[in-house]
$ cat start.pdb   # PDB, C-alpha atoms
ATOM      1  CA  MET V   1      49.504 141.284  47.213
ATOM      2  CA  VAL V   2      48.895 141.978  50.899
ATOM      3  CA  ASP V   3      51.668 143.872  52.680
ATOM      4  CA  LEU V   4      52.444 143.858  56.380
ATOM      5  CA  ILE V   5      54.823 146.709  57.202
ATOM      6  CA  ASP V   6      56.642 147.562  60.414
ATOM      7  CA  ILE V   7      56.585 150.920  62.164
ATOM      8  CA  GLU V   8      59.527 152.097  60.009
ATOM      9  CA  GLY V   9      57.593 151.338  56.828
ATOM     10  CA  ARG V  10      59.664 148.280  55.934
ATOM     11  CA  THR V  11      57.920 145.240  54.489
ATOM     12  CA  ALA V  12      57.823 142.595  57.219
ATOM     13  CA  HIS V  13      55.695 140.028  55.367
ATOM     14  CA  GLN V  14      53.748 139.585  52.142
ATOM     15  CA  TRP V  15      50.962 137.340  50.958
ATOM     16  CA  THR V  16      50.358 136.627  47.267
ATOM     17  CA  MET V  17      46.684 135.811  46.895
ATOM     18  CA  PRO V  18      44.849 134.025  44.044
ATOM     19  CA  VAL V  19      42.740 137.068  43.070
ATOM     20  CA  ARG V  20      43.154 140.821  43.310
ATOM     21  CA  PRO V  21      41.796 142.595  46.413
ATOM     22  CA  GLY V  22      38.106 143.308  46.579
ATOM     23  CA  ARG V  23      38.198 145.336  49.785
ATOM     24  CA  ASP V  24      39.832 144.497  53.101
ATOM     25  CA  ALA V  25      42.399 142.078  54.565
ATOM     26  CA  VAL V  26      42.807 141.375  58.277
ATOM     27  CA  ILE V  27      44.922 139.206  60.561
ATOM     28  CA  LEU V  28      42.642 136.774  62.383
ATOM     29  CA  SER V  29      42.952 135.660  66.004
ATOM     30  CA  ASN V  30      44.597 132.397  64.864
ATOM     31  CA  GLY V  31      47.303 134.341  62.995
ATOM     32  CA  ASN V  32      45.902 133.601  59.542
ATOM     33  CA  LEU V  33      44.941 136.200  56.975
ATOM     34  CA  GLY V  34      41.280 136.893  56.258
ATOM     35  CA  TYR V  35      41.110 138.212  52.690
ATOM     36  CA  ASN V  36      38.225 139.871  50.869
ATOM     37  CA  GLY V  37      39.067 139.211  47.238
ATOM     38  CA  SER V  38      37.422 140.414  44.030
ATOM     39  CA  HIS V  39      35.338 137.675  42.447
ATOM     40  CA  ALA V  40      36.302 137.174  38.807
ATOM     41  CA  THR V  41      32.698 136.456  37.771
ATOM     42  CA  SER V  42      30.833 138.730  40.173
ATOM     43  CA  ALA V  43      27.256 139.689  39.400
ATOM     44  CA  ASP V  44      26.825 142.427  36.780
ATOM     45  CA  LEU V  45      24.253 144.622  38.479
ATOM     46  CA  TYR V  46      24.921 148.154  37.207
ATOM     47  CA  PRO V  47      27.815 150.073  35.584
ATOM     48  CA  ALA V  48      29.705 151.047  38.767
ATOM     49  CA  TRP V  49      29.272 147.660  40.503
ATOM     50  CA  ASP V  50      32.836 146.571  39.743
ATOM     51  CA  LEU V  51      34.158 149.497  41.795
ATOM     52  CA  TRP V  52      33.088 148.010  45.129
ATOM     53  CA  HIS V  53      32.266 144.339  44.884
ATOM     54  CA  GLY V  54      34.352 141.618  46.539
ATOM     55  CA  GLY V  55      32.776 138.202  46.936
ATOM     56  CA  ASP V  56      35.783 135.861  46.891
ATOM     57  CA  PHE V  57      36.836 135.279  50.498
ATOM     58  CA  TYR V  58      39.946 133.366  51.537
ATOM     59  CA  GLU V  59      41.630 132.405  54.769
ATOM     60  CA  ALA V  60      45.353 131.901  54.285
ATOM     61  CA  THR V  61      48.124 130.817  56.650
ATOM     62  CA  PRO V  62      51.223 133.022  57.045
ATOM     63  CA  SER V  63      52.939 130.802  54.472
ATOM     64  CA  GLY V  64      50.109 131.436  52.006
ATOM     65  CA  GLU V  65      48.298 128.084  52.201
ATOM     66  CA  ILE V  66      44.570 128.540  51.530
ATOM     67  CA  VAL V  67      42.599 126.814  54.311
ATOM     68  CA  TRP V  68      39.090 128.175  53.661
ATOM     69  CA  ARG V  69      37.195 129.841  50.838
ATOM     70  CA  HIS V  70      33.717 131.305  50.500
ATOM     71  CA  GLU V  71      32.150 132.802  47.373
ATOM     72  CA  ASP V  72      29.174 135.115  47.028
ATOM     73  CA  ILE V  73      28.901 136.969  43.734
ATOM     74  CA  TYR V  74      26.470 139.501  45.241
ATOM     75  CA  HIS V  75      28.804 140.655  48.014
ATOM     76  CA  HIS V  76      30.003 144.260  48.066
ATOM     77  CA  HIS V  77      32.126 146.458  50.319
ATOM     78  CA  ASP V  78      32.868 145.400  53.876
ATOM     79  CA  ALA V  79      32.926 142.072  55.710
ATOM     80  CA  GLN V  80      33.664 141.086  59.285
ATOM     81  CA  TRP V  81      35.368 137.848  60.329
ATOM     82  CA  LEU V  82      33.620 136.997  63.588
ATOM     83  CA  PRO V  83      35.394 135.417  66.610
ATOM     84  CA  GLY V  84      33.606 132.081  66.208
ATOM     85  CA  GLY V  85      34.776 131.731  62.614
ATOM     86  CA  ASN V  86      31.619 132.938  60.888
ATOM     87  CA  LEU V  87      31.670 135.663  58.241
ATOM     88  CA  LEU V  88      29.332 138.683  58.297
ATOM     89  CA  TYR V  89      28.964 140.681  55.102
ATOM     90  CA  THR V  90      26.611 142.687  52.878
ATOM     91  CA  VAL V  91      25.097 141.516  49.612
ATOM     92  CA  ALA V  92      23.123 143.401  47.003
ATOM     93  CA  ALA V  93      19.574 142.281  46.320
ATOM     94  CA  GLU V  94      16.846 143.657  44.075
ATOM     95  CA  LEU V  95      14.517 145.985  45.940
ATOM     96  CA  PRO V  96      10.860 144.881  45.582
ATOM     97  CA  ALA V  97       9.103 147.031  42.980
ATOM     98  CA  ASP V  98       6.742 148.687  45.473
ATOM     99  CA  LYS V  99       9.708 149.642  47.644
ATOM    100  CA  ALA V 100      11.804 150.790  44.662
ATOM    101  CA  ALA V 101       9.019 153.175  43.690
ATOM    102  CA  ARG V 102       9.507 154.889  47.049
ATOM    103  CA  VAL V 103      13.220 155.646  46.548
ATOM    104  CA  THR V 104      13.662 159.412  46.475
ATOM    105  CA  GLY V 105      16.478 161.901  45.967
ATOM    106  CA  GLY V 106      19.513 161.253  43.830
ATOM    107  CA  ASP V 107      19.651 161.931  40.103
ATOM    108  CA  PRO V 108      16.739 160.279  38.255
ATOM    109  CA  ARG V 109      18.515 160.880  34.942
ATOM    110  CA  LYS V 110      20.912 158.079  35.908
ATOM    111  CA  ASP V 111      18.177 155.497  36.579
ATOM    112  CA  GLY V 112      18.551 152.205  34.774
ATOM    113  CA  ALA V 113      16.266 151.460  31.837
ATOM    114  CA  ASP V 114      15.073 148.340  33.631
ATOM    115  CA  GLY V 115      13.913 150.385  36.632
ATOM    116  CA  ILE V 116      15.662 147.999  39.024
ATOM    117  CA  VAL V 117      17.072 149.380  42.258
ATOM    118  CA  GLN V 118      19.490 147.258  44.266
ATOM    119  CA  SER V 119      19.326 147.260  48.033
ATOM    120  CA  ASP V 120      21.128 145.457  50.848
ATOM    121  CA  ILE V 121      20.940 142.250  52.838
ATOM    122  CA  VAL V 122      23.342 141.655  55.717
ATOM    123  CA  ARG V 123      24.228 137.958  55.794
ATOM    124  CA  GLU V 124      26.159 135.727  58.189
ATOM    125  CA  VAL V 125      27.539 132.378  57.007
ATOM    126  CA  ASN V 126      29.243 129.599  58.949
ATOM    127  CA  ARG V 127      32.367 127.646  58.007
ATOM    128  CA  LYS V 128      30.313 125.383  55.754
ATOM    129  CA  GLY V 129      29.063 128.420  53.838
ATOM    130  CA  ALA V 130      25.515 128.026  55.140
ATOM    131  CA  THR V 131      23.538 131.166  55.931
ATOM    132  CA  VAL V 132      22.790 131.335  59.668
ATOM    133  CA  TRP V 133      21.341 134.873  59.816
ATOM    134  CA  GLU V 134      20.001 137.464  57.377
ATOM    135  CA  TRP V 135      18.633 140.983  57.692
ATOM    136  CA  ARG V 136      16.928 142.889  54.855
ATOM    137  CA  ILE V 137      17.033 146.637  55.249
ATOM    138  CA  TRP V 138      13.807 147.306  53.325
ATOM    139  CA  ASP V 139      11.862 145.333  55.945
ATOM    140  CA  HIS V 140      12.813 147.929  58.550
ATOM    141  CA  ILE V 141      13.150 151.295  56.776
ATOM    142  CA  ASP V 142      10.843 152.973  54.267
ATOM    143  CA  PRO V 143      13.056 154.150  51.365
ATOM    144  CA  ALA V 144      11.122 157.413  51.290
ATOM    145  CA  ASP V 145      12.425 158.165  54.780
ATOM    146  CA  LEU V 146      16.070 157.951  53.646
ATOM    147  CA  PRO V 147      16.509 159.986  50.452
ATOM    148  CA  ILE V 148      19.628 159.484  48.356
ATOM    149  CA  HIS V 149      21.969 162.460  48.261
ATOM    150  CA  PRO V 150      21.829 164.744  45.216
ATOM    151  CA  ILE V 151      24.036 163.843  42.188
ATOM    152  CA  PHE V 152      24.221 160.147  43.174
ATOM    153  CA  ASP V 153      22.472 157.669  40.928
ATOM    154  CA  ARG V 154      19.595 155.658  42.351
ATOM    155  CA  ARG V 155      20.713 152.194  41.312
ATOM    156  CA  HIS V 156      21.626 151.189  44.877
ATOM    157  CA  TRP V 157      19.817 152.230  48.087
ATOM    158  CA  PRO V 158      21.224 152.847  50.699
ATOM    159  CA  MET V 159      24.489 150.920  49.971
ATOM    160  CA  ILE V 160      25.782 149.488  53.265
ATOM    161  CA  ASN V 161      29.548 150.024  52.998
ATOM    162  CA  GLY V 162      30.671 149.180  56.542
ATOM    163  CA  LEU V 163      29.830 146.669  59.276
ATOM    164  CA  SER V 164      30.930 145.939  62.817
ATOM    165  CA  VAL V 165      29.533 144.330  65.977
ATOM    166  CA  THR V 166      29.295 146.030  69.383
ATOM    167  CA  ARG V 167      30.001 144.379  72.732
ATOM    168  CA  ASP V 168      26.235 144.055  73.279
ATOM    169  CA  GLY V 169      25.789 142.343  69.926
ATOM    170  CA  LEU V 170      24.316 145.269  68.007
ATOM    171  CA  ILE V 171      25.355 145.330  64.365
ATOM    172  CA  LEU V 172      26.568 148.723  63.165
ATOM    173  CA  MET V 173      25.916 149.506  59.506
ATOM    174  CA  SER V 174      27.172 152.464  57.493
ATOM    175  CA  LEU V 175      24.745 153.778  54.837
ATOM    176  CA  ARG V 176      26.756 155.402  52.067
ATOM    177  CA  THR V 177      24.340 156.997  49.580
ATOM    178  CA  THR V 178      22.051 158.423  52.277
ATOM    179  CA  SER V 179      24.751 159.341  54.845
ATOM    180  CA  GLY V 180      24.038 157.542  58.083
ATOM    181  CA  VAL V 181      24.979 154.901  60.625
ATOM    182  CA  ILE V 182      22.419 152.547  62.138
ATOM    183  CA  ALA V 183      22.593 150.025  64.984
ATOM    184  CA  VAL V 184      20.514 146.865  64.543
ATOM    185  CA  ASP V 185      19.406 144.453  67.245
ATOM    186  CA  ARG V 186      20.285 141.020  65.914
ATOM    187  CA  ALA V 187      17.479 139.105  67.654
ATOM    188  CA  SER V 188      14.559 141.341  66.694
ATOM    189  CA  GLY V 189      15.955 143.096  63.629
ATOM    190  CA  ARG V 190      14.905 146.389  65.166
ATOM    191  CA  ILE V 191      16.892 149.536  64.410
ATOM    192  CA  VAL V 192      17.980 150.786  67.837
ATOM    193  CA  TRP V 193      19.376 154.139  66.725
ATOM    194  CA  HIS V 194      20.172 156.069  63.555
ATOM    195  CA  ALA V 195      22.782 158.800  63.125
ATOM    196  CA  GLY V 196      21.823 160.732  60.011
ATOM    197  CA  PRO V 197      23.389 163.323  57.690
ATOM    198  CA  ASP V 198      23.385 165.903  60.467
ATOM    199  CA  VAL V 199      26.078 163.755  62.132
ATOM    200  CA  VAL V 200      28.013 162.094  59.279
ATOM    201  CA  ALA V 201      28.571 162.521  55.542
ATOM    202  CA  GLN V 202      29.194 159.585  53.163
ATOM    203  CA  GLN V 203      31.049 157.831  56.002
ATOM    204  CA  HIS V 204      32.798 154.448  56.395
ATOM    205  CA  THR V 205      33.847 151.935  59.092
ATOM    206  CA  PRO V 206      31.747 152.641  62.225
ATOM    207  CA  VAL V 207      33.293 150.944  65.283
ATOM    208  CA  GLU V 208      32.232 151.013  68.941
ATOM    209  CA  MET V 209      34.716 152.388  71.479
ATOM    210  CA  ASP V 210      35.181 151.252  75.103
ATOM    211  CA  ASP V 211      32.879 153.997  76.405
ATOM    212  CA  GLY V 212      30.085 153.089  73.991
ATOM    213  CA  SER V 213      30.741 155.951  71.587
ATOM    214  CA  ILE V 214      31.166 155.295  67.860
ATOM    215  CA  LEU V 215      34.333 156.063  65.888
ATOM    216  CA  VAL V 216      33.781 156.733  62.181
ATOM    217  CA  PHE V 217      35.791 157.773  59.146
ATOM    218  CA  ASP V 218      33.655 160.678  57.932
ATOM    219  CA  ASN V 219      34.421 161.193  54.242
ATOM    220  CA  GLY V 220      32.708 164.572  54.010
ATOM    221  CA  ASN V 221      31.143 164.436  50.553
ATOM    222  CA  LEU V 222      28.032 166.643  50.498
ATOM    223  CA  ARG V 223      28.373 167.480  54.201
ATOM    224  CA  VAL V 224      25.454 169.554  55.474
ATOM    225  CA  GLY V 225      26.419 173.231  55.709
ATOM    226  CA  SER V 226      29.820 172.834  54.009
ATOM    227  CA  SER V 227      30.694 174.057  50.524
ATOM    228  CA  ASN V 228      34.293 172.729  50.621
ATOM    229  CA  PRO V 229      34.572 168.964  51.190
ATOM    230  CA  TYR V 230      37.024 167.609  53.736
ATOM    231  CA  SER V 231      37.334 164.375  55.671
ATOM    232  CA  ARG V 232      37.633 163.818  59.391
ATOM    233  CA  ALA V 233      37.682 161.067  61.966
ATOM    234  CA  ILE V 234      34.866 161.582  64.446
ATOM    235  CA  GLN V 235      33.616 159.983  67.633
ATOM    236  CA  PHE V 236      29.978 160.494  68.577
ATOM    237  CA  ASP V 237      27.690 159.466  71.419
ATOM    238  CA  PRO V 238      24.818 157.396  69.973
ATOM    239  CA  LYS V 239      22.560 158.432  72.871
ATOM    240  CA  THR V 240      22.841 162.152  72.188
ATOM    241  CA  MET V 241      24.373 162.200  68.673
ATOM    242  CA  GLU V 242      26.875 164.730  69.958
ATOM    243  CA  THR V 243      30.447 164.629  68.636
ATOM    244  CA  THR V 244      32.816 163.857  71.520
ATOM    245  CA  TRP V 245      36.092 163.911  69.540
ATOM    246  CA  ASP V 246      37.173 164.633  66.008
ATOM    247  CA  TYR V 247      40.271 165.108  63.913
ATOM    248  CA  THR V 248      40.437 167.382  60.886
ATOM    249  CA  ASP V 249      43.559 168.740  59.251
ATOM    250  CA  PRO V 250      44.421 172.318  60.332
ATOM    251  CA  ASN V 251      43.953 173.118  56.643
ATOM    252  CA  ALA V 252      40.763 171.069  56.394
ATOM    253  CA  PRO V 253      40.688 170.324  52.617
ATOM    254  CA  SER V 254      44.229 168.913  52.834
ATOM    255  CA  PHE V 255      42.775 165.749  54.390
ATOM    256  CA  PHE V 256      40.092 164.384  52.088
ATOM    257  CA  SER V 257      39.220 160.972  50.735
ATOM    258  CA  PRO V 258      35.949 161.035  48.777
ATOM    259  CA  PHE V 259      35.695 157.242  48.958
ATOM    260  CA  MET V 260      36.712 154.416  51.331
ATOM    261  CA  GLY V 261      38.668 155.247  54.510
ATOM    262  CA  SER V 262      39.039 153.985  58.078
ATOM    263  CA  ALA V 263      39.872 155.006  61.626
ATOM    264  CA  GLN V 264      41.180 152.681  64.370
ATOM    265  CA  ARG V 265      41.637 153.573  68.033
ATOM    266  CA  LEU V 266      45.028 152.285  69.181
ATOM    267  CA  VAL V 267      45.979 150.935  72.607
ATOM    268  CA  ASN V 268      48.002 154.094  73.316
ATOM    269  CA  GLY V 269      44.893 156.247  72.862
ATOM    270  CA  ASN V 270      45.961 157.564  69.476
ATOM    271  CA  THR V 271      43.981 157.000  66.272
ATOM    272  CA  LEU V 272      45.248 155.356  63.074
ATOM    273  CA  ILE V 273      43.600 156.901  60.018
ATOM    274  CA  CYS V 274      43.604 155.562  56.475
ATOM    275  CA  GLU V 275      43.125 158.361  53.938
ATOM    276  CA  SER V 276      42.219 155.788  51.327
ATOM    277  CA  GLY V 277      41.987 157.837  48.161
ATOM    278  CA  PHE V 278      45.618 158.923  48.485
ATOM    279  CA  GLY V 279      47.153 155.843  50.105
ATOM    280  CA  ARG V 280      48.116 157.809  53.214
ATOM    281  CA  LEU V 281      48.170 156.180  56.649
ATOM    282  CA  PHE V 282      48.783 158.375  59.674
ATOM    283  CA  GLU V 283      48.475 158.351  63.459
ATOM    284  CA  VAL V 284      47.179 161.270  65.482
ATOM    285  CA  THR V 285      47.116 161.939  69.227
ATOM    286  CA  PRO V 286      43.881 162.895  71.028
ATOM    287  CA  MET V 287      45.025 166.521  70.617
ATOM    288  CA  GLY V 288      45.359 166.099  66.864
ATOM    289  CA  GLU V 289      49.154 165.960  66.539
ATOM    290  CA  VAL V 290      50.373 163.757  63.690
ATOM    291  CA  VAL V 291      53.018 161.432  65.174
ATOM    292  CA  TRP V 292      53.401 158.813  62.415
ATOM    293  CA  GLU V 293      52.798 158.845  58.684
ATOM    294  CA  TYR V 294      53.254 156.426  55.792
ATOM    295  CA  VAL V 295      52.357 156.919  52.158
ATOM    296  CA  ILE V 296      51.938 153.704  50.170
ATOM    297  CA  PRO V 297      54.685 153.755  47.513
ATOM    298  CA  ASP V 298      53.024 151.311  45.097
ATOM    299  CA  PHE V 299      51.079 152.912  42.250
ATOM    300  CA  ALA V 300      49.220 151.216  39.415
ATOM    301  CA  GLU V 301      46.241 151.718  37.162
ATOM    302  CA  TYR V 302      42.947 150.106  38.043
ATOM    303  CA  PRO V 303      42.221 147.048  35.870
ATOM    304  CA  ALA V 304      39.474 147.131  33.249
ATOM    305  CA  PRO V 305      36.619 147.898  33.459
ATOM    306  CA  LEU V 306      37.358 149.992  36.555
ATOM    307  CA  ASN V 307      39.735 152.245  34.640
ATOM    308  CA  GLN V 308      36.787 153.788  32.821
ATOM    309  CA  PHE V 309      35.637 155.244  36.162
ATOM    310  CA  ILE V 310      38.999 155.955  37.841
ATOM    311  CA  ARG V 311      41.815 156.955  35.500
ATOM    312  CA  GLY V 312      45.551 157.185  36.048
ATOM    313  CA  SER V 313      47.824 155.488  38.566
ATOM    314  CA  HIS V 314      46.758 155.167  42.195
ATOM    315  CA  ASN V 315      47.918 153.832  45.560
ATOM    316  CA  THR V 316      44.459 153.557  47.102
ATOM    317  CA  CYS V 317      43.824 151.370  50.143
ATOM    318  CA  PHE V 318      40.332 150.428  51.389
ATOM    319  CA  ARG V 319      41.327 150.096  55.036
ATOM    320  CA  ALA V 320      44.431 149.738  57.211
ATOM    321  CA  HIS V 321      44.955 147.964  60.545
ATOM    322  CA  ARG V 322      47.675 148.273  63.204
ATOM    323  CA  TYR V 323      48.666 145.055  65.020
ATOM    324  CA  SER V 324      50.764 144.522  68.131
ATOM    325  CA  GLU V 325      53.679 142.111  68.136
ATOM    326  CA  SER V 326      51.622 139.589  70.131
ATOM    327  CA  ARG V 327      49.202 139.236  67.210
ATOM    328  CA  VAL V 328      51.946 138.003  64.851
ATOM    329  CA  PRO V 329      54.028 135.550  66.924
ATOM    330  CA  TRP V 330      54.883 133.666  63.730
ATOM    331  CA  LEU V 331      56.666 136.685  62.255
TER     332      LEU V 331
END
$ encode --input "start.pdb" --output "structure tokens"
Amino acid sequence: MVDLIDIEGRTAHQWTMPVRPGRDAVILSNGNLGYNGSHATSADLYPAWDLWHGGDFYEATPSGEIVWRHEDIYHHHDAQWLPGGNLLYTVAAELPADKAARVTGGDPRKDGADGIVQSDIVREVNRKGATVWEWRIWDHIDPADLPIHPIFDRRHWPMINGLSVTRDGLILMSLRTTSGVIAVDRASGRIVWHAGPDVVAQQHTPVEMDDGSILVFDNGNLRVGSSNPYSRAIQFDPKTMETTWDYTDPNAPSFFSPFMGSAQRLVNGNTLICESGFGRLFEVTPMGEVVWEYVIPDFAEYPAPLNQFIRGSHNTCFRAHRYSESRVPWL
């Protein structure tokens, strides 16, 4: 199910999709739904793979008619539906053995017996499903220069969990297991800038703002200099790496999602935050005042085999989006 709620929290519309959610769902410029579904026969790459793969993409009309589908069993985490109709997303791919030998950090006790380390390719496909652009991260970064954080396993380096495109065409990529955001020049493949763990910690969803700064949901796991984890939404200047705005809860640990999460700058200047791990959506002013809040009321257990990693009932939400009335004229 995909729910569209109004500002009072009432269900305004629902879609029933063919497969359960993989990650995100968005309303496209044509009014249709872009859906990142969980592929029923996704690749089996390592034990935790089922936690974050998607790979079964659908475009559906408001009435639920499926008008486009794309499958990629190696897809994981985020995807972006581009204005021209193409789809940009990340796939896992085996890191060449000489590169895998240079992966450092993490917990070597959790290495796979096969010695294989997965890495990331960013791929763009057109409406026919043909690949029109690809970028392999190991061609541009030495794994030894980006160590995996302690306690994480080393089966996937550096795990790109978020994508977006800037006005100048740079592709922003969020690096989960190493804590970082990079900007890649599409034409040359060159990494233009890199915000490392001194700026962000296990972050998600980097998005460019009107002034060129970058808004990020900063999860806060293993944050440098902090013994108590907490999440925040931050805005930083990629030229100086200085934080220009941030929101943390007055009691910092009270706002914490160890996984997933998003932040969206609204037209009124406020910020919509999705505290994914607890299904909490809230809006804050530039001064940090909470002016709207909604807690997802639907709880359920994760399906097998995910329930071996995450137990109990949950209302988690990968990402949330606010839309103006003009974006849903069919409603």
$ resolve_selection --input "start.pdb" --expression "the PyMOL selection byres ((chain V and resi 155) around 7)" --output "PyMOL selection string"
chain V and resi 111-112+116-118+153-154+156-157
$ resolve_selection --input "start.pdb" --expression "the PyMOL selection byres ((chain V and resi 264-279) around 8)" --output "PyMOL selection string"
chain V and resi 209+215+217+233+255-263+280-286+295-296+314-322
$ write_last_selection --input "start.pdb" --atoms "C-alpha atoms" --output "CSV table (one decimal), keeping the file's coordinate frame"
chain,number,residue,atom,x,y,z
V,209,MET,CA,34.7,152.4,71.5
V,215,LEU,CA,34.3,156.1,65.9
V,217,PHE,CA,35.8,157.8,59.1
V,233,ALA,CA,37.7,161.1,62.0
V,255,PHE,CA,42.8,165.7,54.4
V,256,PHE,CA,40.1,164.4,52.1
V,257,SER,CA,39.2,161.0,50.7
V,258,PRO,CA,35.9,161.0,48.8
V,259,PHE,CA,35.7,157.2,49.0
V,260,MET,CA,36.7,154.4,51.3
V,261,GLY,CA,38.7,155.2,54.5
V,262,SER,CA,39.0,154.0,58.1
V,263,ALA,CA,39.9,155.0,61.6
V,280,ARG,CA,48.1,157.8,53.2
V,281,LEU,CA,48.2,156.2,56.6
V,282,PHE,CA,48.8,158.4,59.7
V,283,GLU,CA,48.5,158.4,63.5
V,284,VAL,CA,47.2,161.3,65.5
V,285,THR,CA,47.1,161.9,69.2
V,286,PRO,CA,43.9,162.9,71.0
V,295,VAL,CA,52.4,156.9,52.2
V,296,ILE,CA,51.9,153.7,50.2
V,314,HIS,CA,46.8,155.2,42.2
V,315,ASN,CA,47.9,153.8,45.6
V,316,THR,CA,44.5,153.6,47.1
V,317,CYS,CA,43.8,151.4,50.1
V,318,PHE,CA,40.3,150.4,51.4
V,319,ARG,CA,41.3,150.1,55.0
V,320,ALA,CA,44.4,149.7,57.2
V,321,HIS,CA,45.0,148.0,60.5
V,322,ARG,CA,47.7,148.3,63.2
$ atom_distance --input "start.pdb" --atom1 "CA of Glu208 (chain V)" --atom2 "CA of Ser29 (chain V)"
19.0 Å
$ closest_residue --input "start.pdb" --among "V:Tyr323, V:Pro305, V:Ala252, V:Thr178" --to "Leu28 (chain V)" --atoms "all atoms listed in the file"
V:Tyr323
$ atom_distance --input "start.pdb" --atom1 "CA of Thr205 (chain V)" --atom2 "CA of Leu163 (chain V)"
6.6 Å
$ closest_residue --input "start.pdb" --among "V:Tyr46, V:Tyr230, V:Trp81, V:Tyr89" --to "Tyr247 (chain V)" --atoms "all atoms listed in the file"
V:Tyr230
$ residues_around --input "start.pdb" --residues "region 210-212 of chain V" --least-positions-apart "2" --cutoff "9 Å" --atoms "all atoms listed in the file" --output "VMD selection string"
chain V and resid 166 to 167 208 214 237 to 238
$ atom_distance --input "start.pdb" --atom1 "CA of Ala25 (chain V)" --atom2 "CA of Gly180 (chain V)"
24.3 Å
$ resolve_selection --input "start.pdb" --expression "the PyMOL selection byres ((chain V and resi 103) around 7)" --output "VMD selection string"
chain V and resid 100 to 102 104 143 to 144 147
$ residues_around --input "start.pdb" --residues "Asp6 (chain V)" --least-positions-apart "4" --cutoff "12 Å" --atoms "all atoms listed in the file" --output "ChimeraX atom specification"
/V:10-14,292,294,321-325,328,331
$ closest_residue --input "start.pdb" --among "V:Trp245, V:Tyr35, V:Phe152, V:Phe236" --to "Leu222 (chain V)" --atoms "all atoms listed in the file"
V:Phe152
$ residues_around --input "start.pdb" --residues "Leu87 (chain V)" --least-positions-apart "4" --cutoff "12 Å" --atoms "all atoms listed in the file" --output "MDAnalysis selection string"
chainID V and resid 28 34:36 55 57:59 68:72 75 78:83 122:134 163:165
$ closest_residue --input "start.pdb" --among "V:Val199, V:Val91, V:Ala97, V:Met1" --to "Thr240 (chain V)" --atoms "only C-alpha atoms"
V:Val199
$ residues_near_point --input "start.pdb" --point "(22.1, 145.6, 66.1)" --cutoff "12 Å" --atoms "all atoms listed in the file" --output "list of chain:residue names"
V:Val122, V:Trp135, V:Leu163, V:Ser164, V:Val165, V:Thr166, V:Arg167, V:Asp168, V:Gly169, V:Leu170, V:Ile171, V:Leu172, V:Met173, V:Val181, V:Ile182, V:Ala183, V:Val184, V:Asp185, V:Arg186, V:Ala187, V:Ser188, V:Gly189, V:Arg190, V:Ile191, V:Val192, V:Trp193, V:His194, V:Glu208
$ write_last_selection --input "start.pdb" --atoms "C-alpha atoms" --output "PDB file, keeping the file's coordinate frame"
ATOM      1  CA  VAL V 122      23.342 141.655  55.717  1.00  0.00           C
ATOM      2  CA  TRP V 135      18.633 140.983  57.692  1.00  0.00           C
ATOM      3  CA  LEU V 163      29.830 146.669  59.276  1.00  0.00           C
ATOM      4  CA  SER V 164      30.930 145.939  62.817  1.00  0.00           C
ATOM      5  CA  VAL V 165      29.533 144.330  65.977  1.00  0.00           C
ATOM      6  CA  THR V 166      29.295 146.030  69.383  1.00  0.00           C
ATOM      7  CA  ARG V 167      30.001 144.379  72.732  1.00  0.00           C
ATOM      8  CA  ASP V 168      26.235 144.055  73.279  1.00  0.00           C
ATOM      9  CA  GLY V 169      25.789 142.343  69.926  1.00  0.00           C
ATOM     10  CA  LEU V 170      24.316 145.269  68.007  1.00  0.00           C
ATOM     11  CA  ILE V 171      25.355 145.330  64.365  1.00  0.00           C
ATOM     12  CA  LEU V 172      26.568 148.723  63.165  1.00  0.00           C
ATOM     13  CA  MET V 173      25.916 149.506  59.506  1.00  0.00           C
ATOM     14  CA  VAL V 181      24.979 154.901  60.625  1.00  0.00           C
ATOM     15  CA  ILE V 182      22.419 152.547  62.138  1.00  0.00           C
ATOM     16  CA  ALA V 183      22.593 150.025  64.984  1.00  0.00           C
ATOM     17  CA  VAL V 184      20.514 146.865  64.543  1.00  0.00           C
ATOM     18  CA  ASP V 185      19.406 144.453  67.245  1.00  0.00           C
ATOM     19  CA  ARG V 186      20.285 141.020  65.914  1.00  0.00           C
ATOM     20  CA  ALA V 187      17.479 139.105  67.654  1.00  0.00           C
ATOM     21  CA  SER V 188      14.559 141.341  66.694  1.00  0.00           C
ATOM     22  CA  GLY V 189      15.955 143.096  63.629  1.00  0.00           C
ATOM     23  CA  ARG V 190      14.905 146.389  65.166  1.00  0.00           C
ATOM     24  CA  ILE V 191      16.892 149.536  64.410  1.00  0.00           C
ATOM     25  CA  VAL V 192      17.980 150.786  67.837  1.00  0.00           C
ATOM     26  CA  TRP V 193      19.376 154.139  66.725  1.00  0.00           C
ATOM     27  CA  HIS V 194      20.172 156.069  63.555  1.00  0.00           C
ATOM     28  CA  GLU V 208      32.232 151.013  68.941  1.00  0.00           C
TER      29      GLU V 208
END
